[in-house]
file entry_33.json (JSON, C-alpha atoms and all ligand atoms)
[["chain", "number", "residue", "atom", "x", "y", "z"],
["A", 12, "MET", "CA", 0.00, 0.00, 0.00],
["A", 13, "SER", "CA", 1.44, 3.39, -1.03],
["A", 14, "LYS", "CA", 1.85, 6.17, 1.54],
["A", 15, "PRO", "CA", -0.98, 8.74, 1.51],
["A", 16, "VAL", "CA", -0.45, 11.97, -0.44],
["A", 17, "ARG", "CA", -0.88, 14.67, 2.23],
["A", 18, "LYS", "CA", 1.12, 17.62, 0.94],
["A", 19, "ALA", "CA", 0.87, 19.81, -2.15],
["A", 20, "VAL", "CA", 3.51, 22.17, -3.50],
["A", 21, "PHE", "CA", 2.47, 25.29, -5.42],
["A", 22, "PRO", "CA", 5.39, 26.83, -7.33],
["A", 23, "ALA", "CA", 4.52, 30.53, -7.35],
["A", 24, "GLY", "CA", 7.85, 32.32, -7.57],
["A", 25, "GLY", "CA", 7.73, 33.16, -11.28],
["A", 26, "LEU", "CA", 7.61, 36.66, -12.71],
["A", 27, "GLY", "CA", 4.42, 36.30, -14.75],
["A", 28, "THR", "CA", 5.79, 38.12, -17.78],
["A", 29, "ARG", "CA", 3.08, 36.64, -20.05],
["A", 30, "PHE", "CA", 0.50, 38.80, -18.28],
["A", 31, "LEU", "CA", 2.21, 42.19, -18.22],
["A", 32, "PRO", "CA", 1.33, 44.91, -17.40],
["A", 33, "ALA", "CA", -1.19, 43.43, -14.89],
["A", 34, "THR", "CA", 1.59, 41.43, -13.22],
["A", 35, "LYS", "CA", 4.09, 44.25, -12.81],
["A", 36, "VAL", "CA", 3.09, 44.60, -9.14],
["A", 37, "ILE", "CA", 0.38, 41.97, -8.64],
["A", 38, "PRO", "CA", 1.54, 38.32, -8.49],
["A", 39, "LYS", "CA", 0.02, 36.46, -11.45],
["A", 40, "GLU", "CA", -1.32, 33.88, -8.99],
["A", 41, "MET", "CA", -3.50, 36.67, -7.54],
["A", 42, "LEU", "CA", -5.18, 37.54, -10.84],
["A", 43, "ALA", "CA", -8.91, 37.07, -10.41],
["A", 44, "LEU", "CA", -10.85, 34.54, -12.44],
["A", 45, "VAL", "CA", -14.39, 35.96, -12.07],
["A", 46, "ASP", "CA", -13.95, 36.88, -8.38],
["A", 47, "LYS", "CA", -11.30, 34.56, -6.98],
["A", 48, "PRO", "CA", -7.50, 34.54, -7.36],
["A", 49, "ILE", "CA", -6.36, 31.67, -9.58],
["A", 50, "LEU", "CA", -4.16, 30.39, -6.73],
["A", 51, "GLN", "CA", -7.26, 29.88, -4.59],
["A", 52, "TYR", "CA", -8.81, 27.61, -7.24],
["A", 53, "GLY", "CA", -5.73, 25.38, -6.98],
["A", 54, "VAL", "CA", -5.72, 25.41, -3.18],
["A", 55, "GLU", "CA", -9.42, 24.50, -3.11],
["A", 56, "GLU", "CA", -8.78, 21.67, -5.60],
["A", 57, "ALA", "CA", -6.00, 20.30, -3.37],
["A", 58, "ILE", "CA", -8.14, 20.46, -0.22],
["A", 59, "ALA", "CA", -11.08, 18.81, -1.97],
["A", 60, "SER", "CA", -8.64, 16.03, -2.93],
["A", 61, "GLY", "CA", -7.66, 15.26, 0.67],
["A", 62, "ILE", "CA", -4.46, 17.35, 0.86],
["A", 63, "GLU", "CA", -3.75, 18.50, 4.43],
["A", 64, "HIS", "CA", -0.72, 20.73, 4.03],
["A", 65, "ILE", "CA", -0.18, 23.35, 1.32],
["A", 66, "ILE", "CA", 3.36, 24.52, 0.56],
["A", 67, "ILE", "CA", 3.61, 27.70, -1.51],
["A", 68, "VAL", "CA", 6.98, 28.49, -3.07],
["A", 69, "THR", "CA", 7.03, 32.28, -3.30],
["A", 70, "GLY", "CA", 9.47, 34.91, -4.50],
["A", 71, "ARG", "CA", 10.26, 38.59, -4.24],
["A", 72, "GLY", "CA", 7.26, 40.94, -4.34],
["A", 73, "LYS", "CA", 4.72, 38.17, -3.87],
["A", 74, "GLY", "CA", 3.56, 38.95, -0.33],
["A", 75, "ALA", "CA", -0.07, 39.45, -1.47],
["A", 76, "MET", "CA", -0.45, 35.66, -1.61],
["A", 77, "GLU", "CA", 0.40, 35.33, 2.09],
["A", 78, "ASP", "CA", -1.90, 38.22, 3.00],
["A", 79, "HIS", "CA", -4.73, 36.62, 1.04],
["A", 80, "PHE", "CA", -4.69, 33.46, 3.14],
["A", 81, "ASP", "CA", -4.15, 35.37, 6.43],
["A", 82, "ILE", "CA", -6.78, 36.75, 8.77],
["A", 83, "SER", "CA", -7.67, 40.30, 7.73],
["A", 84, "TYR", "CA", -8.66, 41.95, 11.02],
["A", 85, "GLU", "CA", -9.65, 45.32, 9.59],
["A", 86, "LEU", "CA", -11.78, 43.79, 6.84],
["A", 87, "ASP", "CA", -13.44, 41.26, 9.15],
["A", 88, "ALA", "CA", -14.16, 43.89, 11.84],
["A", 89, "THR", "CA", -15.71, 46.24, 9.28],
["A", 90, "LEU", "CA", -17.86, 43.51, 7.76],
["A", 91, "GLU", "CA", -19.00, 42.45, 11.25],
["A", 92, "ARG", "CA", -19.89, 46.01, 12.26],
["A", 93, "LYS", "CA", -21.89, 46.47, 9.07],
["A", 94, "GLY", "CA", -23.67, 43.16, 9.55],
["A", 95, "LYS", "CA", -22.42, 41.75, 6.22],
["A", 96, "LYS", "CA", -22.57, 38.17, 7.39],
["A", 97, "GLU", "CA", -22.08, 36.36, 4.08],
["A", 98, "LEU", "CA", -19.03, 38.39, 3.11],
["A", 99, "LEU", "CA", -17.56, 37.94, 6.59],
["A", 100, "GLU", "CA", -17.99, 34.19, 6.28],
["A", 101, "LEU", "CA", -16.30, 34.28, 2.86],
["A", 102, "SER", "CA", -13.31, 36.21, 4.21],
["A", 103, "ARG", "CA", -12.93, 33.99, 7.30],
["A", 104, "LYS", "CA", -13.22, 30.82, 5.25],
["A", 105, "ILE", "CA", -10.17, 31.78, 3.19],
["A", 106, "SER", "CA", -7.97, 32.27, 6.25],
["A", 107, "SER", "CA", -9.02, 29.00, 7.87],
["A", 108, "MET", "CA", -9.01, 27.01, 4.63],
["A", 109, "ALA", "CA", -5.80, 25.04, 5.08],
["A", 110, "ARG", "CA", -2.49, 24.68, 6.84],
["A", 111, "ILE", "CA", -0.17, 26.69, 4.60],
["A", 112, "SER", "CA", 3.63, 27.02, 4.72],
["A", 113, "TYR", "CA", 5.64, 29.42, 2.60],
["A", 114, "ILE", "CA", 9.17, 29.07, 1.35],
["A", 115, "ARG", "CA", 11.07, 31.57, -0.77],
["A", 116, "GLN", "CA", 12.73, 30.73, -4.03],
["A", 117, "LYS", "CA", 15.49, 33.31, -3.91],
["A", 118, "GLU", "CA", 16.19, 33.31, -7.65],
["A", 119, "PRO", "CA", 13.88, 32.23, -10.51],
["A", 120, "LEU", "CA", 16.07, 29.32, -11.64],
["A", 121, "GLY", "CA", 13.26, 27.20, -13.06],
["A", 122, "LEU", "CA", 10.31, 25.00, -12.12],
["A", 123, "GLY", "CA", 12.53, 22.08, -11.04],
["A", 124, "HIS", "CA", 14.44, 24.40, -8.72],
["A", 125, "ALA", "CA", 11.16, 25.79, -7.31],
["A", 126, "VAL", "CA", 9.95, 22.29, -6.44],
["A", 127, "LEU", "CA", 13.35, 21.48, -4.90],
["A", 128, "CYS", "CA", 12.93, 24.49, -2.56],
["A", 129, "ALA", "CA", 10.07, 22.56, -0.90],
["A", 130, "LYS", "CA", 12.22, 19.49, -0.14],
["A", 131, "ASP", "CA", 12.57, 20.02, 3.62],
["A", 132, "LEU", "CA", 8.88, 20.85, 4.05],
["A", 133, "VAL", "CA", 7.77, 17.78, 2.10],
["A", 134, "GLY", "CA", 10.18, 15.29, 3.66],
["A", 135, "ASP", "CA", 10.18, 11.61, 2.76],
["A", 136, "GLU", "CA", 6.65, 11.18, 1.42],
["A", 137, "PRO", "CA", 4.83, 11.37, -1.91],
["A", 138, "PHE", "CA", 3.46, 14.81, -2.74],
["A", 139, "ALA", "CA", 1.37, 16.68, -5.27],
["A", 140, "VAL", "CA", 2.51, 19.63, -7.38],
["A", 141, "LEU", "CA", -0.06, 22.09, -8.75],
["A", 142, "LEU", "CA", 0.91, 24.91, -11.10],
["A", 143, "PRO", "CA", -1.54, 27.72, -10.30],
["A", 144, "ASP", "CA", -1.64, 28.96, -13.93],
["A", 145, "ASP", "CA", -3.38, 25.76, -14.95],
["A", 146, "VAL", "CA", -6.96, 26.06, -13.71],
["A", 147, "ILE", "CA", -8.74, 22.73, -14.15],
["A", 148, "ASP", "CA", -12.49, 22.35, -14.01],
["A", 149, "ALA", "CA", -13.10, 18.72, -13.12],
["A", 150, "ASN", "CA", -15.22, 16.52, -10.93],
["A", 151, "PRO", "CA", -13.66, 14.65, -9.15],
["A", 152, "PRO", "CA", -10.85, 17.24, -8.97],
["A", 153, "CYS", "CA", -7.91, 16.56, -11.30],
["A", 154, "ILE", "CA", -5.37, 16.00, -8.53],
["A", 155, "LYS", "CA", -7.77, 13.59, -6.77],
["A", 156, "GLN", "CA", -8.03, 11.53, -9.96],
["A", 157, "MET", "CA", -4.23, 11.42, -10.07],
["A", 158, "ILE", "CA", -3.82, 10.52, -6.39],
["A", 159, "ASP", "CA", -6.15, 7.56, -7.06],
["A", 160, "VAL", "CA", -3.89, 6.43, -9.95],
["A", 161, "TYR", "CA", -0.82, 6.82, -7.71],
["A", 162, "GLN", "CA", -2.46, 4.71, -4.98],
["A", 163, "GLU", "CA", -3.32, 2.02, -7.51],
["A", 164, "ARG", "CA", -0.03, 1.95, -9.47],
["A", 165, "GLY", "CA", 2.53, 3.15, -6.91],
["A", 166, "GLY", "CA", 4.57, 5.38, -9.27],
["A", 167, "SER", "CA", 4.68, 9.11, -10.00],
["A", 168, "VAL", "CA", 1.80, 10.42, -12.14],
["A", 169, "LEU", "CA", 1.86, 13.38, -14.56],
["A", 170, "ALA", "CA", -1.29, 14.98, -15.96],
["A", 171, "THR", "CA", -1.40, 15.03, -19.75],
["A", 172, "MET", "CA", -3.67, 16.22, -22.53],
["A", 173, "THR", "CA", -3.54, 15.98, -26.31],
["A", 174, "ILE", "CA", -2.25, 19.09, -28.06],
["A", 175, "GLU", "CA", -2.46, 19.11, -31.83],
["A", 176, "GLY", "CA", 0.02, 21.05, -33.94],
["A", 177, "PRO", "CA", 3.03, 23.28, -33.19],
["A", 178, "GLY", "CA", 1.51, 24.48, -29.91],
["A", 179, "ILE", "CA", 2.97, 21.33, -28.31],
["A", 180, "SER", "CA", 6.37, 23.09, -28.22],
["A", 181, "ALA", "CA", 5.22, 25.15, -25.22],
["A", 182, "TYR", "CA", 4.99, 22.04, -23.03],
["A", 183, "GLY", "CA", 6.83, 19.10, -21.57],
["A", 184, "VAL", "CA", 5.95, 16.19, -23.88],
["A", 185, "LEU", "CA", 5.57, 12.56, -22.88],
["A", 186, "ASP", "CA", 6.89, 9.54, -24.71],
["A", 187, "GLY", "CA", 5.09, 6.31, -23.86],
["A", 188, "LYS", "CA", 2.44, 3.74, -24.64],
["A", 189, "GLN", "CA", -1.16, 3.68, -23.61],
["A", 190, "ASP", "CA", -1.88, 1.15, -20.87],
["A", 191, "ALA", "CA", -3.75, -1.95, -22.05],
["A", 192, "SER", "CA", -6.20, -1.94, -19.13],
["A", 193, "ASN", "CA", -6.81, 1.81, -18.86],
["A", 194, "PRO", "CA", -6.56, 4.06, -21.95],
["A", 195, "ARG", "CA", -6.24, 7.16, -19.72],
["A", 196, "ILE", "CA", -2.90, 5.87, -18.41],
["A", 197, "TYR", "CA", 0.39, 6.05, -20.33],
["A", 198, "ASN", "CA", 3.40, 3.96, -19.32],
["A", 199, "CYS", "CA", 6.07, 6.57, -19.58],
["A", 200, "ALA", "CA", 9.25, 5.79, -21.53],
["A", 201, "GLY", "CA", 10.69, 9.30, -21.69],
["A", 202, "MET", "CA", 9.82, 12.98, -21.81],
["A", 203, "VAL", "CA", 11.24, 16.16, -23.20],
["A", 204, "GLU", "CA", 10.75, 19.80, -22.18],
["A", 205, "LYS", "CA", 9.57, 22.19, -24.90],
["A", 206, "PRO", "CA", 10.70, 20.16, -27.93],
["A", 207, "LYS", "CA", 10.63, 21.51, -31.46],
["A", 208, "PHE", "CA", 7.35, 20.50, -33.13],
["A", 209, "GLU", "CA", 9.15, 18.05, -35.48],
["A", 210, "GLU", "CA", 10.95, 16.44, -32.55],
["A", 211, "ALA", "CA", 8.01, 16.02, -30.14],
["A", 212, "PRO", "CA", 7.77, 12.34, -29.19],
["A", 213, "SER", "CA", 3.94, 12.42, -29.05],
["A", 214, "LYS", "CA", 0.91, 14.71, -28.79],
["A", 215, "GLN", "CA", 0.68, 14.16, -25.03],
["A", 216, "ALA", "CA", 1.53, 17.46, -23.33],
["A", 217, "ILE", "CA", 2.30, 17.52, -19.62],
["A", 218, "ILE", "CA", -0.13, 19.79, -17.77],
["A", 219, "GLY", "CA", 0.53, 21.44, -14.41],
["A", 220, "ARG", "CA", -0.52, 18.65, -12.06],
["A", 221, "TYR", "CA", 1.89, 16.02, -10.74],
["A", 222, "VAL", "CA", 1.98, 13.36, -8.01],
["A", 223, "LEU", "CA", 5.63, 12.64, -7.31],
["A", 224, "THR", "CA", 7.64, 10.33, -5.11],
["A", 225, "PRO", "CA", 10.22, 12.03, -2.83],
["A", 226, "ARG", "CA", 13.12, 10.45, -4.70],
["A", 227, "VAL", "CA", 12.66, 13.19, -7.30],
["A", 228, "PHE", "CA", 14.35, 15.63, -4.89],
["A", 229, "GLU", "CA", 17.74, 13.89, -4.99],
["A", 230, "LEU", "CA", 17.51, 13.81, -8.78],
["A", 231, "LEU", "CA", 16.53, 17.49, -9.00],
["A", 232, "GLU", "CA", 19.60, 18.29, -6.91],
["A", 233, "LYS", "CA", 21.71, 16.84, -9.72],
["A", 234, "THR", "CA", 19.68, 18.35, -12.59],
["A", 235, "THR", "CA", 21.57, 20.92, -14.64],
["A", 236, "PRO", "CA", 19.89, 23.77, -16.56],
["A", 237, "GLY", "CA", 17.96, 22.55, -19.61],
["A", 238, "ALA", "CA", 15.41, 24.20, -21.92],
["A", 239, "GLY", "CA", 15.53, 27.99, -21.61],
["A", 240, "GLY", "CA", 18.60, 27.73, -19.35],
["A", 241, "GLU", "CA", 16.33, 26.69, -16.44],
["A", 242, "ILE", "CA", 16.38, 23.73, -14.05],
["A", 243, "GLN", "CA", 13.40, 21.85, -15.45],
["A", 244, "LEU", "CA", 11.04, 19.63, -13.46],
["A", 245, "THR", "CA", 10.63, 17.52, -16.62],
["A", 246, "ASP", "CA", 14.37, 16.72, -16.57],
["A", 247, "GLY", "CA", 14.23, 15.72, -12.89],
["A", 248, "ILE", "CA", 11.30, 13.37, -13.59],
["A", 249, "LEU", "CA", 13.12, 11.95, -16.62],
["A", 250, "ALA", "CA", 16.00, 11.03, -14.28],
["A", 251, "LEU", "CA", 13.49, 9.49, -11.85],
["A", 252, "LEU", "CA", 12.28, 7.25, -14.67],
["A", 253, "LYS", "CA", 15.62, 5.39, -14.53],
["A", 254, "HIS", "CA", 14.74, 4.22, -11.00],
["A", 255, "GLU", "CA", 10.94, 4.03, -10.84],
["A", 256, "LYS", "CA", 7.83, 3.75, -12.97],
["A", 257, "VAL", "CA", 6.25, 7.01, -14.07],
["A", 258, "PHE", "CA", 2.76, 7.32, -15.56],
["A", 259, "GLY", "CA", 1.04, 9.87, -17.74],
["A", 260, "TYR", "CA", -2.66, 10.33, -16.99],
["A", 261, "THR", "CA", -5.17, 11.98, -19.32],
["A", 262, "PHE", "CA", -7.42, 13.54, -16.71],
["A", 263, "GLU", "CA", -11.16, 13.95, -17.07],
["A", 264, "GLY", "CA", -11.98, 17.65, -17.12],
["A", 265, "LYS", "CA", -11.15, 20.91, -18.85],
["A", 266, "ARG", "CA", -7.94, 22.85, -18.43],
["A", 267, "TYR", "CA", -7.49, 26.59, -18.89],
["A", 268, "ASP", "CA", -4.13, 28.34, -19.12],
["A", 269, "ALA", "CA", -5.04, 31.27, -16.89],
["A", 270, "GLY", "CA", -1.47, 32.57, -16.98],
["A", 271, "ASP", "CA", -2.06, 33.50, -20.61],
["A", 272, "LYS", "CA", -4.27, 36.44, -21.64],
["A", 273, "PHE", "CA", -6.41, 34.50, -24.11],
["A", 274, "GLY", "CA", -6.67, 31.49, -21.78],
["A", 275, "MET", "CA", -7.85, 33.77, -19.00],
["A", 276, "LEU", "CA", -10.53, 35.27, -21.28],
["A", 277, "GLN", "CA", -11.82, 31.79, -22.15],
["A", 278, "ALA", "CA", -11.86, 30.75, -18.49],
["A", 279, "THR", "CA", -13.62, 33.97, -17.48],
["A", 280, "VAL", "CA", -16.47, 33.45, -19.96],
["A", 281, "GLU", "CA", -16.93, 29.76, -19.15],
["A", 282, "PHE", "CA", -16.66, 30.09, -15.36],
["A", 283, "ALA", "CA", -19.03, 33.07, -15.38],
["A", 284, "LEU", "CA", -21.59, 31.05, -17.36],
["A", 285, "LYS", "CA", -21.51, 28.44, -14.57],
["A", 286, "ARG", "CA", -22.25, 30.90, -11.78],
["A", 287, "PRO", "CA", -25.93, 30.67, -10.86],
["A", 288, "GLU", "CA", -26.10, 34.26, -9.58],
["A", 289, "PHE", "CA", -25.38, 35.78, -12.99],
["A", 290, "ALA", "CA", -25.27, 32.96, -15.57],
["A", 291, "GLU", "CA", -28.59, 33.93, -17.22],
["A", 292, "LYS", "CA", -27.85, 37.64, -17.29],
["A", 293, "PHE", "CA", -24.38, 37.03, -18.72],
["A", 294, "LYS", "CA", -25.74, 34.65, -21.38],
["A", 295, "GLU", "CA", -28.26, 37.25, -22.48],
["A", 296, "TYR", "CA", -25.51, 39.86, -22.61],
["A", 297, "LEU", "CA", -23.28, 37.63, -24.77],
["A", 298, "LYS", "CA", -26.16, 36.80, -27.12],
["A", 299, "GLY", "CA", -26.85, 40.50, -27.55],
["A", 300, "LEU", "CA", -23.34, 41.28, -28.78],
["A", 301, "SER", "CA", -23.31, 41.74, -32.53],
["A", 302, "LEU", "CA", -20.29, 39.55, -33.29],
["B", 401, "LIG", "C1", 5.68, 24.13, -17.21],
["B", 401, "LIG", "C2", 6.43, 22.81, -17.37],
["B", 401, "LIG", "C3", 5.97, 22.09, -18.63],
["B", 401, "LIG", "C4", 4.48, 21.90, -18.61],
["B", 401, "LIG", "C5", 3.75, 23.26, -18.38],
["B", 401, "LIG", "C6", 2.27, 23.04, -18.15],
["B", 401, "LIG", "O1", 6.08, 24.99, -18.26],
["B", 401, "LIG", "O2", 7.84, 23.07, -17.43],
["B", 401, "LIG", "O3", 6.61, 20.84, -18.71],
["B", 401, "LIG", "O4", 4.07, 21.34, -19.82],
["B", 401, "LIG", "O5", 4.27, 23.93, -17.23],
["B", 401, "LIG", "O6", 1.57, 24.22, -18.01],
["B", 401, "LIG", "P1", 5.83, 26.58, -18.23],
["B", 401, "LIG", "O7", 4.41, 26.79, -18.65],
["B", 401, "LIG", "O8", 6.10, 27.04, -16.83],
["B", 401, "LIG", "O9", 6.80, 27.15, -19.21]]

call {"tool": "encode", "arguments": {"input": "entry_33.json", "output": "C-alpha cells", "more": "lines below"}}
Ligand code: G1P
result
Amino acid sequence: MSKPVRKAVFPAGGLGTRFLPATKVIPKEMLALVDKPILQYGVEEAIASGIEHIIIVTGRGKGAMEDHFDISYELDATLERKGKKELLELSRKISSMARISYIRQKEPLGLGHAVLCAKDLVGDEPFAVLLPDDVIDANPPCIKQMIDVYQERGGSVLATMTIEGPGISAYGVLDGKQDASNPRIYNCAGMVEKPKFEEAPSKQAIIGRYVLTPRVFELLEKTTPGAGGEIQLTDGILALLKHEKVFGYTFEGKRYDAGDKFGMLQATVEFALKRPEFAEKFKEYLKGLSL
C-alpha cells in the first residue's frame, strides 16, 4: 500500500511576464478569475482532494499571496460592524481554509528548482505539485483523480492532454504507450521539455498537475539547466524514470491556461456562465453582442 499523499507544492515564484502589465506589481497567482485569485482555485482543488498541508513556493514581491490566506482583522471587523454576514464568512473561510507554509525561491532558476525548494517541508513522502496557472475544471478534482492512480499503481503520475500542432512546443511532452487496461494511463518511456514540433515524441503534453515520489528531490539536486537555461522539473522526472515507474494520466476535465491572456478570457467566460447568480444575465448579454 502506497503512503498517503498529504502535501501539495504550489510553485509561485515566477515573474508572470506573459501577463504584463497586470503582473508588474500583482503576483500572477493573484489575478482574479471571475472573483477569486487563480491560486485559490488550486488550493481549493488540493483540499477537496484530501491534501492537508499546502506549501507555496514564493518569490520577491509576492507577499499578497500570504496576505490573502491570512486573517484580515480590519476587513473582518468592518464587515462584522456592518452586519455583512455572508461576506464575513467568505473572508474567514479563506484564512481557515488550510495549513499553509511558505518558502522563498530566492532566484527564478526554473520549475525544477522551485519544487526542490520545498524538499525540507515535504520530507520523505509522496506529494502533489499544482501549477496555479493551470486552472482545471473537473469533478472529481484533477489532482484527486491522479492521487487515485498513484495509490493504484505506486509510481509518480503526470497529468497530460492531447495538443495538436506546433503548440505542443510550449509544453513538456511525454513519450510512452497507452496502458492496455486503462486508456487514460500512459506507461512513460521518456519525456522532453519544450521540444521543437518536429521532434516532439507524441501529442501528449504535460499539464501542471503532478503526483511525485520524494526520490525526485535527490535527482533534482543533480539536474543541470535545460530548456531555456532553467532547471526543469521535466528533466528531474526523466532522471526518476531510470529508477521508478512514471505514468502519464489523461485527466477527465477541462484545463485553462489562466497565466495566458487568451486562456484567462476563455476561463472567465466559461466560469461566469456556470455561476448561478449571474449565468442567465451574462448569457443574455453575450447573445446581444453583434459579433
Ligand atoms: C511548465 C512545465 C511544462 C508543462 C507546463 C504546463 O512549463 O515546465 O513541462 O508542460 O508547465 O503548463 P511553463 O508553462 O512554466 O513554461

call {"tool": "residues_near_ligand", "arguments": {"input": "entry_33.json", "ligand": "ligand LIG 401 (chain B)", "cutoff": "9 Å", "atoms": "only C-alpha atoms and all ligand atoms", "output": "tab-separated table (two decimals) with C-alpha atoms, in the coordinates of the input"}}
result
chain	number	residue	atom	x	y	z
A	25	GLY	CA	7.73	33.16	-11.28
A	121	GLY	CA	13.26	27.20	-13.06
A	122	LEU	CA	10.31	25.00	-12.12
A	123	GLY	CA	12.53	22.08	-11.04
A	142	LEU	CA	0.91	24.91	-11.10
A	144	ASP	CA	-1.64	28.96	-13.93
A	145	ASP	CA	-3.38	25.76	-14.95
A	171	THR	CA	-1.40	15.03	-19.75
A	179	ILE	CA	2.97	21.33	-28.31
A	180	SER	CA	6.37	23.09	-28.22
A	181	ALA	CA	5.22	25.15	-25.22
A	182	TYR	CA	4.99	22.04	-23.03
A	183	GLY	CA	6.83	19.10	-21.57
A	184	VAL	CA	5.95	16.19	-23.88
A	203	VAL	CA	11.24	16.16	-23.20
A	204	GLU	CA	10.75	19.80	-22.18
A	205	LYS	CA	9.57	22.19	-24.90
A	216	ALA	CA	1.53	17.46	-23.33
A	217	ILE	CA	2.30	17.52	-19.62
A	218	ILE	CA	-0.13	19.79	-17.77
A	219	GLY	CA	0.53	21.44	-14.41
A	220	ARG	CA	-0.52	18.65	-12.06
A	238	ALA	CA	15.41	24.20	-21.92
A	243	GLN	CA	13.40	21.85	-15.45
A	244	LEU	CA	11.04	19.63	-13.46
A	245	THR	CA	10.63	17.52	-16.62
A	268	ASP	CA	-4.13	28.34	-19.12
A	270	GLY	CA	-1.47	32.57	-16.98

call {"tool": "closest_atom_pairs", "arguments": {"input": "entry_33.json", "of": "region 81-147 of chain A", "to": "region 61-70 of chain A", "cutoff": "6 Å", "atoms": "only C-alpha atoms", "output": "tab-separated table"}}
result
residue	atom	partner	partner_atom	distance
A:Arg110	CA	A:His64	CA	5.2
A:Ile111	CA	A:Ile65	CA	4.7
A:Ser112	CA	A:Ile66	CA	4.9
A:Tyr113	CA	A:Ile67	CA	4.9
A:Ile114	CA	A:Val68	CA	5.0
A:Arg115	CA	A:Thr69	CA	4.8
A:Gln116	CA	A:Gly70	CA	5.3

call {"tool": "atom_distance", "arguments": {"input": "entry_33.json", "atom1": "CA of Lys47 (chain A)", "atom2": "CA of Val133 (chain A)"}}
result
27.0 Å

call {"tool": "closest_atom_pairs", "arguments": {"input": "entry_33.json", "of": "region 76-185 of chain A", "to": "region 32-45 of chain A", "cutoff": "9 Å", "atoms": "only C-alpha atoms", "output": "tab-separated table"}}
result
residue	atom	partner	partner_atom	distance
A:Met76	CA	A:Met41	CA	6.7
A:His79	CA	A:Met41	CA	8.7
A:Pro143	CA	A:Glu40	CA	6.3
A:Asp144	CA	A:Glu40	CA	7.0

call {"tool": "atom_distance", "arguments": {"input": "entry_33.json", "atom1": "CA of Gly247 (chain A)", "atom2": "CA of Gly187 (chain A)"}}
result
17.1 Å

call {"tool": "residues_around", "arguments": {"input": "entry_33.json", "residues": "Glu229 (chain A)", "least_positions_apart": "2", "cutoff": "12 Å", "atoms": "all atoms listed in the file", "output": "ChimeraX atom specification"}}
result
/A:123-124,126-128,130-131,134-135,224-227,231-234,247-248,250-251,254

call {"tool": "residues_around", "arguments": {"input": "entry_33.json", "residues": "Phe262 (chain A)", "least_positions_apart": "4", "cutoff": "10 Å", "atoms": "all atoms listed in the file", "output": "PyMOL selection string"}}
result
chain A and resi 147+149+151-157+169-172+195-196+218+220+266

call {"tool": "atom_distance", "arguments": {"input": "entry_33.json", "atom1": "CA of Glu175 (chain A)", "atom2": "CA of Tyr267 (chain A)"}}
result
15.8 Å

call {"tool": "closest_residue", "arguments": {"input": "entry_33.json", "among": "A:Ala139, A:Ile82, A:Val222, A:Val20", "to": "Leu50 (chain A)", "atoms": "all atoms listed in the file"}}
result
A:Val20

call {"tool": "residues_around", "arguments": {"input": "entry_33.json", "residues": "Asp81 (chain A)", "least_positions_apart": "2", "cutoff": "8 Å", "atoms": "all atoms listed in the file", "output": "list in words"}}
result
Glu77, Asp78, His79, Ser83, Ile105 and Ser106 of chain A

call {"tool": "closest_residue", "arguments": {"input": "entry_33.json", "among": "A:Glu91, A:Glu85, A:Asp271, A:Asp46", "to": "Ala283 (chain A)", "atoms": "all atoms listed in the file"}}
result
A:Asp46

call {"tool": "axis_aligned_box", "arguments": {"input": "entry_33.json", "around": "region 213-229 of chain A", "padding_each_side": "3 Å", "output": "JSON"}}
result
{"center_x": 8.6, "center_y": 15.9, "center_z": -15.9, "size_x": 24.3, "size_y": 17.1, "size_z": 32.2}

call {"tool": "closest_residue", "arguments": {"input": "entry_33.json", "among": "A:Ala88, A:Ile242, A:Ala290, A:Leu141", "to": "Lys18 (chain A)", "atoms": "only C-alpha atoms"}}
result
A:Leu141

call {"tool": "closest_residue", "arguments": {"input": "entry_33.json", "among": "A:Glu118, A:Gln162, A:Val16, A:Thr261", "to": "Glu241 (chain A)", "atoms": "only C-alpha atoms"}}
result
A:Glu118

call {"tool": "residues_around", "arguments": {"input": "entry_33.json", "residues": "Pro194 (chain A)", "least_positions_apart": "4", "cutoff": "9 Å", "atoms": "only C-alpha atoms", "output": "ChimeraX atom specification"}}
result
/A:189-190,260-261

call {"tool": "residues_around", "arguments": {"input": "entry_33.json", "residues": "Leu284 (chain A)", "least_positions_apart": "4", "cutoff": "7 Å", "atoms": "all atoms listed in the file", "output": "MDAnalysis selection string"}}
result
chainID A and resid 280 290 293:294

call {"tool": "closest_residue", "arguments": {"input": "entry_33.json", "among": "A:Ala129, A:Val146, A:Glu291, A:Lys188", "to": "Tyr52 (chain A)", "atoms": "all atoms listed in the file"}}
result
A:Val146

call {"tool": "closest_residue", "arguments": {"input": "entry_33.json", "among": "A:Tyr161, A:Thr173, A:Leu276, A:Lys292", "to": "Lys256 (chain A)", "atoms": "only C-alpha atoms"}}
result
A:Tyr161
